[in-house]
>>> print(open('work.txt').read())   # compact mmCIF, C-alpha atoms
# COMPACT_ATOMS: atom_id res chain seq x y z
CA MET D 1 0.00 0.00 0.00
CA LEU D 2 2.74 2.42 1.07
CA LYS D 3 4.72 1.47 -2.02
CA THR D 4 1.81 2.35 -4.31
CA ILE D 5 1.40 5.74 -2.64
CA LEU D 6 5.11 6.46 -2.87
CA LYS D 7 5.23 5.38 -6.51
CA SER D 8 2.27 7.57 -7.51
CA ALA D 9 3.65 10.49 -5.51
CA LEU D 10 6.95 10.14 -7.36
CA GLY D 11 5.16 10.05 -10.73
CA ILE D 12 3.17 13.19 -9.94
CA TRP D 13 6.24 14.93 -8.54
CA ILE D 14 8.32 14.24 -11.68
CA ALA D 15 5.45 15.33 -13.93
CA LEU D 16 5.20 18.59 -11.99
CA VAL D 17 8.98 19.08 -12.20
CA ILE D 18 8.89 18.64 -15.99
CA VAL D 19 6.05 21.13 -16.36
CA ALA D 20 7.74 23.60 -13.99
CA ALA D 21 11.10 23.27 -15.72
CA LEU D 22 9.59 23.95 -19.14
CA LEU D 23 6.92 26.54 -18.29
CA TYR D 24 7.14 27.92 -14.76
CA ALA D 25 10.87 28.66 -14.36
CA PRO D 26 12.05 31.84 -16.10
CA PRO D 27 14.82 31.53 -18.74
CA ALA D 28 18.29 32.45 -17.45
CA MET D 29 19.93 35.68 -18.48
CA GLY D 30 22.09 35.31 -21.59
CA LEU D 31 21.17 31.66 -22.16
CA GLY D 32 17.44 31.93 -22.78
CA ASP D 33 15.43 28.73 -22.96
CA LEU D 34 18.67 26.72 -23.23
CA SER D 35 19.10 27.10 -19.50
CA ARG D 36 16.13 24.77 -18.94
CA ILE D 37 18.36 21.76 -19.62
CA ILE D 38 20.07 22.23 -16.26
CA TYR D 39 16.92 21.02 -14.49
CA PHE D 40 17.63 17.63 -16.08
CA HIS D 41 21.37 17.61 -16.76
CA VAL D 42 22.59 18.43 -13.25
CA PRO D 43 20.28 15.97 -11.42
CA LEU D 44 21.29 13.22 -13.88
CA ALA D 45 24.98 13.87 -13.20
CA TRP D 46 24.32 14.03 -9.45
CA VAL D 47 22.49 10.70 -9.41
CA GLY D 48 25.23 9.15 -11.57
CA VAL D 49 27.97 10.17 -9.14
CA LEU D 50 25.83 9.15 -6.15
CA ALA D 51 25.26 5.68 -7.60
CA TYR D 52 29.00 5.26 -8.31
CA LEU D 53 29.81 6.29 -4.77
CA ILE D 54 27.32 3.81 -3.32
CA SER D 55 28.68 1.13 -5.66
CA MET D 56 32.15 1.79 -4.25
CA VAL D 57 30.84 1.60 -0.68
CA TYR D 58 29.24 -1.79 -1.43
CA SER D 59 32.51 -3.00 -3.01
CA VAL D 60 34.39 -2.10 0.18
CA ARG D 61 31.67 -3.78 2.25
CA PHE D 62 31.94 -6.91 0.12
CA LEU D 63 35.70 -7.14 0.71
CA ARG D 64 35.16 -6.71 4.46
CA ARG D 65 32.25 -9.12 4.92
CA GLY D 66 32.37 -11.40 1.88
CA LEU D 67 28.62 -11.54 1.19
CA ILE D 68 27.81 -12.03 -2.49
CA LYS D 69 24.74 -9.81 -2.06
CA ASP D 70 26.94 -6.75 -1.44
CA ASP D 71 28.73 -7.40 -4.72
CA SER D 72 25.44 -7.74 -6.62
CA LEU D 73 24.31 -4.41 -5.14
CA ALA D 74 27.63 -2.82 -6.15
CA ALA D 75 27.11 -4.08 -9.71
CA VAL D 76 23.52 -2.82 -9.83
CA ASN D 77 24.62 0.60 -8.61
CA ALA D 78 27.37 0.70 -11.20
CA GLU D 79 24.78 -0.07 -13.89
CA ILE D 80 22.43 2.66 -12.65
CA GLY D 81 25.36 5.08 -12.44
CA PHE D 82 26.41 4.19 -15.97
CA ILE D 83 22.99 4.91 -17.46
CA PHE D 84 22.63 8.18 -15.58
CA THR D 85 26.12 9.44 -16.47
CA LEU D 86 25.51 8.45 -20.08
CA LEU D 87 22.33 10.54 -20.09
CA ALA D 88 24.19 13.40 -18.38
CA THR D 89 26.86 13.20 -21.08
CA ILE D 90 24.26 13.36 -23.84
CA THR D 91 22.33 16.28 -22.31
CA GLY D 92 25.65 18.02 -21.68
CA ALA D 93 26.70 17.53 -25.30
CA VAL D 94 23.38 19.00 -26.48
CA PHE D 95 23.92 22.01 -24.22
CA ALA D 96 27.49 22.36 -25.54
CA ARG D 97 26.32 22.26 -29.15
CA PHE D 98 23.96 25.21 -28.69
CA THR D 99 26.16 27.35 -26.43
CA TRP D 100 29.77 26.61 -27.46
CA GLY D 101 29.02 25.47 -31.01
CA VAL D 102 30.14 21.80 -30.96
CA PHE D 103 28.79 18.65 -29.38
CA TRP D 104 32.19 17.45 -28.20
CA ASN D 105 35.46 19.34 -27.67
CA TRP D 106 37.26 17.47 -24.85
CA ASP D 107 36.33 20.08 -22.35
CA PRO D 108 37.67 19.02 -18.87
CA ARG D 109 34.15 18.11 -17.73
CA GLN D 110 33.55 16.06 -20.85
CA THR D 111 36.94 14.39 -20.45
CA SER D 112 36.35 13.45 -16.82
CA ILE D 113 32.84 12.11 -17.44
CA PHE D 114 34.22 10.17 -20.41
CA ILE D 115 36.84 8.58 -18.14
CA LEU D 116 34.10 7.66 -15.66
CA LEU D 117 32.22 5.91 -18.47
CA LEU D 118 35.45 4.15 -19.52
CA ILE D 119 36.18 2.98 -15.97
CA TYR D 120 32.75 1.45 -15.57
CA SER D 121 32.78 -0.08 -19.07
CA ALA D 122 36.04 -1.76 -18.08
CA TYR D 123 34.32 -2.86 -14.84
CA PHE D 124 31.52 -4.55 -16.82
CA VAL D 125 34.02 -6.17 -19.21
CA LEU D 126 35.93 -7.54 -16.21
CA ARG D 127 32.73 -8.88 -14.62
CA SER D 128 31.66 -10.61 -17.79
CA SER D 129 35.05 -12.29 -18.26
CA VAL D 130 35.02 -14.19 -14.92
CA ASP D 131 32.68 -17.14 -14.53
CA GLU D 132 33.15 -18.13 -10.92
CA GLU D 133 30.92 -16.00 -8.68
CA GLY D 134 33.17 -15.42 -5.66
CA ARG D 135 36.21 -14.63 -7.75
CA ARG D 136 34.23 -12.28 -10.00
CA ALA D 137 32.98 -10.44 -6.91
CA ARG D 138 36.47 -10.08 -5.44
CA LEU D 139 38.20 -9.00 -8.63
CA SER D 140 35.57 -6.49 -9.64
CA SER D 141 35.44 -5.00 -6.13
CA VAL D 142 39.21 -4.57 -6.19
CA PHE D 143 39.09 -2.92 -9.60
CA SER D 144 36.22 -0.65 -8.62
CA ILE D 145 38.06 0.62 -5.54
CA PHE D 146 41.37 0.94 -7.38
CA ALA D 147 39.85 2.88 -10.28
CA PHE D 148 37.91 5.15 -7.95
CA ILE D 149 41.19 6.21 -6.31
CA SER D 150 42.51 7.62 -9.59
CA VAL D 151 39.49 9.87 -10.16
CA PRO D 152 40.62 12.69 -7.80
CA PHE D 153 43.89 12.87 -9.75
CA LEU D 154 41.95 13.55 -12.93
CA VAL D 155 40.23 16.47 -11.24
CA PHE D 156 43.68 17.89 -10.53
CA VAL D 157 45.36 17.12 -13.85
CA ILE D 158 42.81 17.90 -16.51
CA PRO D 159 42.22 21.58 -15.72
CA ARG D 160 46.00 22.07 -16.03
CA VAL D 161 45.96 20.67 -19.54
CA TYR D 162 42.79 22.22 -20.92
CA ALA D 163 40.67 25.27 -20.04
CA THR D 164 36.98 24.77 -19.35
CA LEU D 165 33.88 26.42 -20.74
CA HIS D 166 31.54 24.58 -18.40
CA PRO D 167 29.48 26.72 -16.00
CA ASP D 168 30.64 26.62 -12.40
CA PRO D 169 29.31 23.37 -10.89
CA ILE D 170 28.96 24.98 -7.46
CA ILE D 171 25.84 27.05 -7.31
CA SER D 172 26.76 30.15 -5.36
CA THR D 173 26.32 33.89 -5.57
CA GLU D 174 29.87 34.41 -6.85
CA SER D 175 29.66 31.86 -9.68
CA GLY D 176 28.92 33.00 -13.21
CA PHE D 177 25.72 31.03 -13.43
CA GLN D 178 23.18 32.68 -11.18
CA MET D 179 19.74 31.40 -10.38
CA ASN D 180 16.91 33.40 -8.97
CA ALA D 181 14.64 32.05 -6.25
CA VAL D 182 12.09 30.50 -8.64
CA MET D 183 14.74 28.71 -10.71
CA PHE D 184 16.45 27.46 -7.58
CA ARG D 185 13.19 26.04 -6.24
CA VAL D 186 12.51 24.13 -9.48
CA PHE D 187 16.12 22.96 -9.52
CA LEU D 188 15.93 21.58 -5.96
CA ALA D 189 12.57 19.93 -6.71
CA SER D 190 14.15 18.24 -9.73
CA LEU D 191 17.14 17.05 -7.66
CA VAL D 192 14.75 15.53 -5.12
CA GLY D 193 12.66 13.93 -7.88
CA PHE D 194 15.62 12.34 -9.64
CA THR D 195 17.05 11.08 -6.36
CA GLY D 196 13.61 9.55 -5.77
CA ILE D 197 13.79 7.77 -9.13
CA TYR D 198 17.20 6.45 -8.16
CA ALA D 199 15.87 5.21 -4.81
CA TRP D 200 13.01 3.47 -6.61
CA ILE D 201 15.26 1.71 -9.14
CA PHE D 202 17.65 0.74 -6.34
CA ASN D 203 14.77 -0.67 -4.29
CA LEU D 204 13.43 -2.66 -7.25
CA SER D 205 16.81 -4.15 -8.11
CA SER D 206 17.73 -5.06 -4.54
CA ARG D 207 14.37 -6.84 -4.19
CA LEU D 208 15.12 -8.66 -7.44
CA ILE D 209 18.54 -9.71 -6.08
CA ASN D 210 16.93 -11.03 -2.88
CA LEU D 211 14.40 -13.04 -4.88
CA GLU D 212 17.13 -14.51 -7.09
CA GLN D 213 19.17 -15.54 -4.06
CA ASN D 214 16.19 -17.16 -2.34
CA ASN D 215 15.30 -18.92 -5.55
CA ARG D 216 18.79 -20.32 -5.89
CA ARG D 217 18.82 -21.46 -2.26
CA GLU D 218 15.54 -23.34 -2.80
CA ASN D 219 16.89 -25.05 -5.89
CA GLU D 220 19.99 -26.26 -4.10
CA MET A 221 61.14 -5.37 14.01
CA VAL A 222 64.49 -4.96 12.28
CA LYS A 223 64.62 -8.66 11.65
CA THR A 224 61.15 -8.81 10.06
CA SER A 225 61.87 -5.95 7.66
CA PHE A 226 65.11 -7.68 6.65
CA SER A 227 63.33 -10.95 5.98
CA TRP A 228 60.74 -9.06 3.96
CA ILE A 229 63.49 -7.53 1.80
CA ASN A 230 65.03 -11.00 1.40
CA ALA A 231 61.69 -12.47 0.32
CA VAL A 232 61.08 -9.68 -2.22
CA SER A 233 64.57 -9.99 -3.66
CA ALA A 234 64.13 -13.76 -3.90
CA ILE A 235 61.04 -13.23 -6.07
CA VAL A 236 62.81 -10.64 -8.21
CA THR A 237 65.79 -12.98 -8.67
CA LYS A 238 63.49 -15.85 -9.59
CA ASP A 239 61.76 -13.69 -12.20
CA LEU A 240 65.07 -12.40 -13.56
CA ILE A 241 66.42 -15.95 -13.97
CA ASP A 242 63.17 -17.04 -15.59
CA GLU A 243 63.26 -14.07 -17.95
CA PHE A 244 66.94 -14.64 -18.72
CA ARG A 245 66.20 -18.23 -19.71
CA THR A 246 63.09 -17.68 -21.81
CA ARG A 247 63.45 -13.99 -22.77
CA HIS A 248 59.74 -14.08 -23.48
CA ALA A 249 58.54 -10.77 -22.03
CA LEU A 250 61.65 -8.91 -23.12
CA THR A 251 61.62 -9.99 -26.76
CA ALA A 252 57.86 -9.52 -27.07
CA MET A 253 58.09 -6.03 -25.61
CA ILE A 254 61.13 -4.87 -27.57
CA LEU A 255 59.82 -6.28 -30.87
CA PHE A 256 56.42 -4.72 -30.22
CA SER A 257 57.94 -1.29 -29.61
CA LEU A 258 60.25 -1.70 -32.61
CA THR A 259 57.37 -2.59 -34.94
CA THR A 260 55.29 0.38 -33.81
CA LEU A 261 58.28 2.71 -33.99
CA VAL A 262 59.15 1.56 -37.52
CA THR A 263 55.52 1.98 -38.63
CA VAL A 264 55.44 5.51 -37.25
CA SER A 265 58.83 6.32 -38.73
CA PHE A 266 57.92 4.94 -42.19
CA THR A 267 54.75 6.97 -42.39
CA ILE A 268 55.53 10.29 -40.71
CA GLY A 269 59.29 10.19 -40.07
CA ILE A 270 60.00 12.65 -42.86
CA TYR A 271 57.90 15.47 -41.40
CA ALA A 272 59.17 17.98 -38.87
CA LEU A 273 56.80 17.35 -35.97
CA ASP A 274 55.90 19.51 -33.01
CA VAL A 275 57.52 18.47 -29.68
CA MET A 276 54.11 17.62 -28.20
CA LEU A 277 53.44 15.25 -31.11
CA HIS A 278 56.80 13.56 -30.55
CA SER A 279 56.03 13.16 -26.88
CA ALA A 280 52.55 11.74 -27.57
CA LEU A 281 54.03 9.22 -30.05
CA ILE A 282 56.73 8.15 -27.58
CA TRP A 283 54.15 7.48 -24.87
CA ILE A 284 51.70 5.68 -27.13
CA ILE A 285 54.53 3.31 -28.09
CA VAL A 286 55.66 2.93 -24.46
CA PHE A 287 52.12 2.39 -23.13
CA PHE A 288 51.20 -0.42 -25.49
CA SER A 289 54.63 -2.10 -25.36
CA ALA A 290 54.47 -1.96 -21.57
CA MET A 291 51.00 -3.51 -21.59
CA SER A 292 52.19 -6.42 -23.73
CA ALA A 293 55.07 -7.09 -21.32
CA LEU A 294 53.33 -6.53 -17.98
CA ASN A 295 50.40 -8.69 -19.04
CA ARG A 296 52.75 -11.67 -18.70
CA SER A 297 53.97 -10.95 -15.17
CA PHE A 298 51.14 -12.86 -13.46
CA THR A 299 49.60 -14.86 -16.31
CA LYS A 300 52.87 -16.81 -16.73
CA GLU A 301 52.49 -18.07 -13.16
CA GLU A 302 48.90 -19.15 -13.86
CA ASP A 303 49.90 -20.81 -17.14
CA SER A 304 52.76 -22.82 -15.71
CA GLY A 305 50.79 -23.65 -12.57
CA THR A 306 53.45 -22.13 -10.31
CA ILE A 307 51.07 -19.64 -8.70
CA LEU A 308 50.10 -22.08 -5.95
CA ALA A 309 53.72 -22.74 -5.02
CA LEU A 310 54.40 -19.03 -5.08
CA LYS A 311 51.43 -18.34 -2.79
CA MET A 312 52.60 -21.04 -0.38
CA SER A 313 56.11 -19.65 -0.13
CA ALA A 314 55.34 -15.93 0.16
CA THR A 315 52.59 -13.54 1.27
CA ALA A 316 50.50 -11.71 -1.32
CA GLU A 317 52.16 -8.38 -0.45
CA THR A 318 55.61 -9.86 -0.99
CA ILE A 319 54.64 -11.34 -4.34
CA TYR A 320 53.21 -7.96 -5.38
CA SER A 321 56.36 -6.10 -4.32
CA GLY A 322 58.61 -8.54 -6.13
CA LYS A 323 56.57 -8.31 -9.31
CA LEU A 324 56.51 -4.52 -9.01
CA VAL A 325 60.30 -4.34 -8.85
CA PHE A 326 60.68 -6.78 -11.74
CA ASN A 327 58.14 -4.92 -13.89
CA THR A 328 59.88 -1.62 -13.23
CA LEU A 329 63.22 -3.13 -14.29
CA LEU A 330 61.58 -4.47 -17.44
CA LEU A 331 60.17 -1.06 -18.32
CA LEU A 332 63.55 0.56 -17.68
CA VAL A 333 65.04 -1.76 -20.31
CA LEU A 334 62.24 -0.73 -22.65
CA ILE A 335 62.98 2.96 -22.30
CA VAL A 336 66.75 2.42 -22.55
CA VAL A 337 66.27 0.64 -25.89
CA MET A 338 63.34 2.68 -27.21
CA LEU A 339 64.41 6.29 -26.56
CA PRO A 340 67.76 6.19 -28.45
CA LEU A 341 66.08 4.33 -31.32
CA TYR A 342 63.35 6.95 -31.39
CA TYR A 343 66.00 9.67 -31.59
CA VAL A 344 67.72 7.92 -34.48
CA MET A 345 64.56 7.20 -36.48
CA MET A 346 62.38 10.22 -35.81
CA ASN A 347 64.85 13.14 -35.48
CA PRO A 348 63.13 15.16 -32.77
CA PRO A 349 64.17 18.85 -32.79
CA SER A 350 67.57 19.56 -31.25
CA GLY A 351 67.98 21.59 -28.06
CA SER A 352 66.13 19.17 -25.79
CA ASN A 353 66.86 19.01 -22.09
CA ILE A 354 68.09 15.39 -22.12
CA ALA A 355 68.59 15.02 -18.36
CA LEU A 356 65.08 16.26 -17.69
CA LEU A 357 63.73 14.00 -20.44
CA ILE A 358 65.31 10.92 -18.84
CA LEU A 359 64.09 11.96 -15.39
CA ILE A 360 60.48 12.47 -16.47
CA CYS A 361 60.49 9.20 -18.43
CA ILE A 362 61.75 7.25 -15.40
CA THR A 363 59.20 8.87 -13.07
CA GLY A 364 56.47 8.12 -15.59
CA LEU A 365 57.58 4.49 -15.83
CA LEU A 366 57.51 4.11 -12.04
CA SER A 367 53.90 5.31 -11.94
CA LEU A 368 53.07 3.12 -14.94
CA SER A 369 54.36 -0.09 -13.37
CA GLY A 370 53.02 0.91 -9.93
CA ALA A 371 49.45 1.10 -11.21
CA THR A 372 49.62 -1.76 -13.72
CA THR A 373 51.08 -4.50 -11.50
CA LEU A 374 47.88 -4.90 -9.43
CA LEU A 375 45.74 -4.83 -12.58
CA ALA A 376 47.98 -7.47 -14.17
CA ALA A 377 47.27 -9.70 -11.15
CA VAL A 378 43.53 -9.02 -11.54
CA VAL A 379 43.65 -9.94 -15.24
CA ALA A 380 45.60 -13.13 -14.51
CA ARG A 381 43.08 -14.17 -11.85
CA ALA A 382 40.21 -13.34 -14.19
CA GLY A 383 41.60 -16.07 -16.42
CA SER A 384 41.31 -13.90 -19.48
CA ARG A 385 44.16 -13.42 -21.90
CA GLY A 386 45.06 -10.73 -24.35
CA SER A 387 43.34 -7.43 -24.51
CA LEU A 388 41.79 -7.02 -21.05
CA LEU A 389 44.81 -5.35 -19.40
CA PRO A 390 44.95 -2.19 -21.58
CA VAL A 391 41.18 -1.81 -21.19
CA LEU A 392 41.47 -1.86 -17.39
CA ALA A 393 44.70 0.11 -17.20
CA PHE A 394 43.91 2.98 -19.55
CA PRO A 395 41.34 4.86 -17.42
CA VAL A 396 43.43 4.37 -14.28
CA LEU A 397 46.62 5.52 -16.01
CA LEU A 398 45.16 8.47 -17.87
CA PRO A 399 46.21 11.08 -15.26
CA VAL A 400 49.77 9.74 -15.50
CA LEU A 401 49.78 9.64 -19.29
CA LEU A 402 48.46 13.21 -19.63
CA THR A 403 51.02 14.55 -17.15
CA VAL A 404 53.92 12.61 -18.59
CA ILE A 405 53.10 13.52 -22.21
CA ARG A 406 52.99 17.18 -21.26
CA GLY A 407 56.23 16.86 -19.26
CA THR A 408 58.07 15.00 -22.03
CA GLY A 409 56.96 17.62 -24.53
CA ILE A 410 58.36 20.40 -22.34
CA ALA A 411 61.62 18.47 -21.84
CA LEU A 412 61.93 17.87 -25.60
CA GLY A 413 61.38 21.57 -26.20
CA GLY A 414 64.30 22.36 -23.89
CA GLY A 415 62.31 23.49 -20.84
CA SER A 416 63.81 23.64 -17.36
CA GLY A 417 63.10 21.42 -14.37
CA GLU A 418 61.49 24.36 -12.58
CA GLU A 419 58.53 24.23 -14.99
CA LEU A 420 57.86 20.59 -14.18
CA LYS A 421 58.14 20.73 -10.40
CA THR A 422 54.41 20.20 -9.75
CA ASP A 423 54.29 17.46 -12.39
CA PHE A 424 57.01 15.50 -10.58
CA LEU A 425 55.27 16.01 -7.27
CA PHE A 426 52.02 14.84 -8.84
CA LEU A 427 53.58 11.70 -10.33
CA LEU A 428 55.31 10.78 -7.08
CA SER A 429 52.16 11.26 -4.98
CA TYR A 430 50.18 9.20 -7.50
CA LEU A 431 52.83 6.47 -7.22
CA VAL A 432 52.71 6.43 -3.41
CA ILE A 433 48.91 6.30 -3.28
CA VAL A 434 48.58 3.67 -6.00
CA VAL A 435 51.22 1.39 -4.46
CA THR A 436 49.64 1.73 -1.00
CA ALA A 437 46.21 0.88 -2.40
CA SER A 438 47.71 -2.08 -4.29
CA LEU A 439 49.35 -3.44 -1.15
CA LEU A 440 46.01 -3.21 0.66
CA LEU A 441 44.04 -4.82 -2.17
CA ILE A 442 46.41 -7.56 -3.40
CA PRO A 443 45.49 -10.12 -0.67
CA TYR A 444 41.89 -10.11 -1.98
CA VAL A 445 43.13 -10.70 -5.53
CA MET A 446 45.35 -13.64 -4.58
CA GLU A 447 42.84 -15.25 -2.22
CA ASP A 448 41.01 -18.33 -3.48
>>> encode(input="work.txt", output="structure tokens")
Amino acid sequence: MLKTILKSALGIWIALVIVAALLYAPPAMGLGDLSRIIYFHVPLAWVGVLAYLISMVYSVRFLRRGLIKDDSLAAVNAEIGFIFTLLATITGAVFARFTWGVFWNWDPRQTSIFILLLIYSAYFVLRSSVDEEGRRARLSSVFSIFAFISVPFLVFVIPRVYATLHPDPIISTESGFQMNAVMFRVFLASLVGFTGIYAWIFNLSSRLINLEQNNRRENE
Amino acid sequence: MVKTSFSWINAVSAIVTKDLIDEFRTRHALTAMILFSLTTLVTVSFTIGIYALDVMLHSALIWIIVFFSAMSALNRSFTKEEDSGTILALKMSATAETIYSGKLVFNTLLLLVLIVVMLPLYYVMMNPPSGSNIALLILICITGLLSLSGATTLLAAVVARAGSRGSLLPVLAFPVLLPVLLTVIRGTGIALGGGSGEELKTDFLFLLSYLVIVVTASLLLIPYVMED
């Protein structure tokens, strides 16, 4: 019962966010209607990074406790993160095309998100190349943690090599990209909505994992 | 305490010696690596050797050749133990951390040979512009190689345990090594253009801190890779 209410509330919430982002929020100065993409692009990127972080946490937990379930949850989170970062990359490229003139120019943000996609593609390749369950879980957890460590270095290196055109990711009064109160409200509502979608997908997949495990136990 | 650290050094050097003897007898990794780098170098030289290239282009070419040659050599460091079935004996006679350290030292030595052979050949075949800061060039190459082998040794163990051969190592190593490659390509370009060490101070610091962090993480993670 609670689940149905939550699900419908989420659906209505997201519908309202879409309407508000397209009609209610005013266009930003200098960008016009293009600015409306941030109500989708930024939450997508946020959920992507959140899912990767949680995937890493589950990998660490797997290595500490050795439960296969933790590894399955890490993999599911990596998959969710991959889809969301892919969508963030696409929306970002669309934004880049209509503000900077090209879809792709190896801007630091584009480079770092591309590396994230590469890391997790490699993670899936590694998973698919090991058959034995325990070993697959260990190896992919190790790789996930190891690759995650190198990400902060990218943040340091890439801005030294290339200059960025991306708007300041930190929303503050000093940054170039300023939001008024109405825009900020829609933006926060969208962040909450997308995080809700993530929580829903996560809930669905962890229930699926539980069912699969029970099923296997019964068969044995 | 003193005694344990000595025995640890002894164990690591025993593994390095074992690998050196093995390599000296078969020369498998060495010949594969040198021939690989030679083939790529000759291909590059045939096609674009006649043009006067920018220093950054030279540096990018050098590191593309080094990266892929290194991958072909380091791929063997753990898979050869799996292939010959010696991994069990190795695991019985040493801890995972010791095996990792031994392999790390051996891989670094192997890459040093690569750069000693490859760089002079590159100079002969590609004629990079004169006026380079040779000492700085050698220094940045060696620091780059240390970071390269530091990050790749753990991944080589992962690939060997995954039981997959061939192309998996570069796929796993590339995203992890990208910060190193970008820094080292930029640094090599500056050294080839005759820049001073002062310009590259932060780059050296960066590479060394990367090396320390990556090796520490590898030492923490390697027991999970070796475990059965």
>>> atom_distance(input="work.txt", atom1="CA of Val404 in chain A", atom2="CA of Phe146 in chain D")
20.5 Å
>>> residues_around(input="work.txt", residues="Leu31 in chain D", least_positions_apart="4", cutoff="10 Å", atoms="all atoms listed in the file", output="list of chain:residue names")
D:Pro27, D:Ser35, D:Arg36, D:Phe98, D:Thr99, D:Phe177
>>> write_last_selection(input="work.txt", atoms="C-alpha atoms", output="PDB file, in the frame of the given file")
ATOM      1  CA  PRO D  27      14.820  31.530 -18.740  1.00  0.00           C
ATOM      2  CA  SER D  35      19.100  27.100 -19.500  1.00  0.00           C
ATOM      3  CA  ARG D  36      16.130  24.770 -18.940  1.00  0.00           C
ATOM      4  CA  PHE D  98      23.960  25.210 -28.690  1.00  0.00           C
ATOM      5  CA  THR D  99      26.160  27.350 -26.430  1.00  0.00           C
ATOM      6  CA  PHE D 177      25.720  31.030 -13.430  1.00  0.00           C
TER       7      PHE D 177
END
>>> interface_residues(input="work.txt", of="chain A", to="chain D", cutoff="8 Å", atoms="all atoms listed in the file", output="ChimeraX atom specification")
/A:375,378,381-384,388,391-392,395-399,402-403,430,434,437-438,441,444-445,448
>>> residues_around(input="work.txt", residues="Leu389 in chain A", least_positions_apart="3", cutoff="9 Å", atoms="all atoms listed in the file", output="PyMOL selection string")
chain A and resi 291-292+294-295+372+375-376+378-379+385-386+392-394
>>> closest_residue(input="work.txt", among="D:Ile83, D:Met183, D:Leu23, D:Ala74", to="Ile38 in chain D", atoms="all atoms listed in the file")
D:Met183
>>> atom_distance(input="work.txt", atom1="CA of Arg247 in chain A", atom2="CA of Leu334 in chain A")
13.3 Å
>>> atom_distance(input="work.txt", atom1="CA of Val17 in chain D", atom2="CA of Gly48 in chain D")
19.1 Å
>>> closest_residue(input="work.txt", among="D:Met1, D:Gly81, D:Val76, D:Ile14", to="Val192 in chain D", atoms="all atoms listed in the file")
D:Ile14
>>> residues_around(input="work.txt", residues="range 281-285 of chain A", least_positions_apart="3", cutoff="8 Å", atoms="only C-alpha atoms", output="list in words")
Ser257, Thr260, Leu261, Leu277, His278, Phe288, Ser289, Leu339, Tyr342, Leu401 and Ile405 of chain A
>>> write_last_selection(input="work.txt", atoms="C-alpha atoms", output="PDB file, in the coordinates of the input")
ATOM      1  CA  SER A 257      57.940  -1.290 -29.610  1.00  0.00           C
ATOM      2  CA  THR A 260      55.290   0.380 -33.810  1.00  0.00           C
ATOM      3  CA  LEU A 261      58.280   2.710 -33.990  1.00  0.00           C
ATOM      4  CA  LEU A 277      53.440  15.250 -31.110  1.00  0.00           C
ATOM      5  CA  HIS A 278      56.800  13.560 -30.550  1.00  0.00           C
ATOM      6  CA  PHE A 288      51.200  -0.420 -25.490  1.00  0.00           C
ATOM      7  CA  SER A 289      54.630  -2.100 -25.360  1.00  0.00           C
ATOM      8  CA  LEU A 339      64.410   6.290 -26.560  1.00  0.00           C
ATOM      9  CA  TYR A 342      63.350   6.950 -31.390  1.00  0.00           C
ATOM     10  CA  LEU A 401      49.780   9.640 -19.290  1.00  0.00           C
ATOM     11  CA  ILE A 405      53.100  13.520 -22.210  1.00  0.00           C
TER      12      ILE A 405
END
>>> closest_residue(input="work.txt", among="A:Met312, A:Leu427, A:Val275, A:Ile335", to="Leu258 in chain A", atoms="all atoms listed in the file")
A:Ile335
>>> residues_around(input="work.txt", residues="Ile113 in chain D", least_positions_apart="6", cutoff="9 Å", atoms="all atoms listed in the file", output="JSON, numbers by chain")
{"D": [85, 86, 88, 89]}
>>> residues_around(input="work.txt", residues="range 209-214 of chain D", least_positions_apart="5", cutoff="9 Å", atoms="only C-alpha atoms", output="number ranges by chain")
D: 69, 72-73, 204, 219
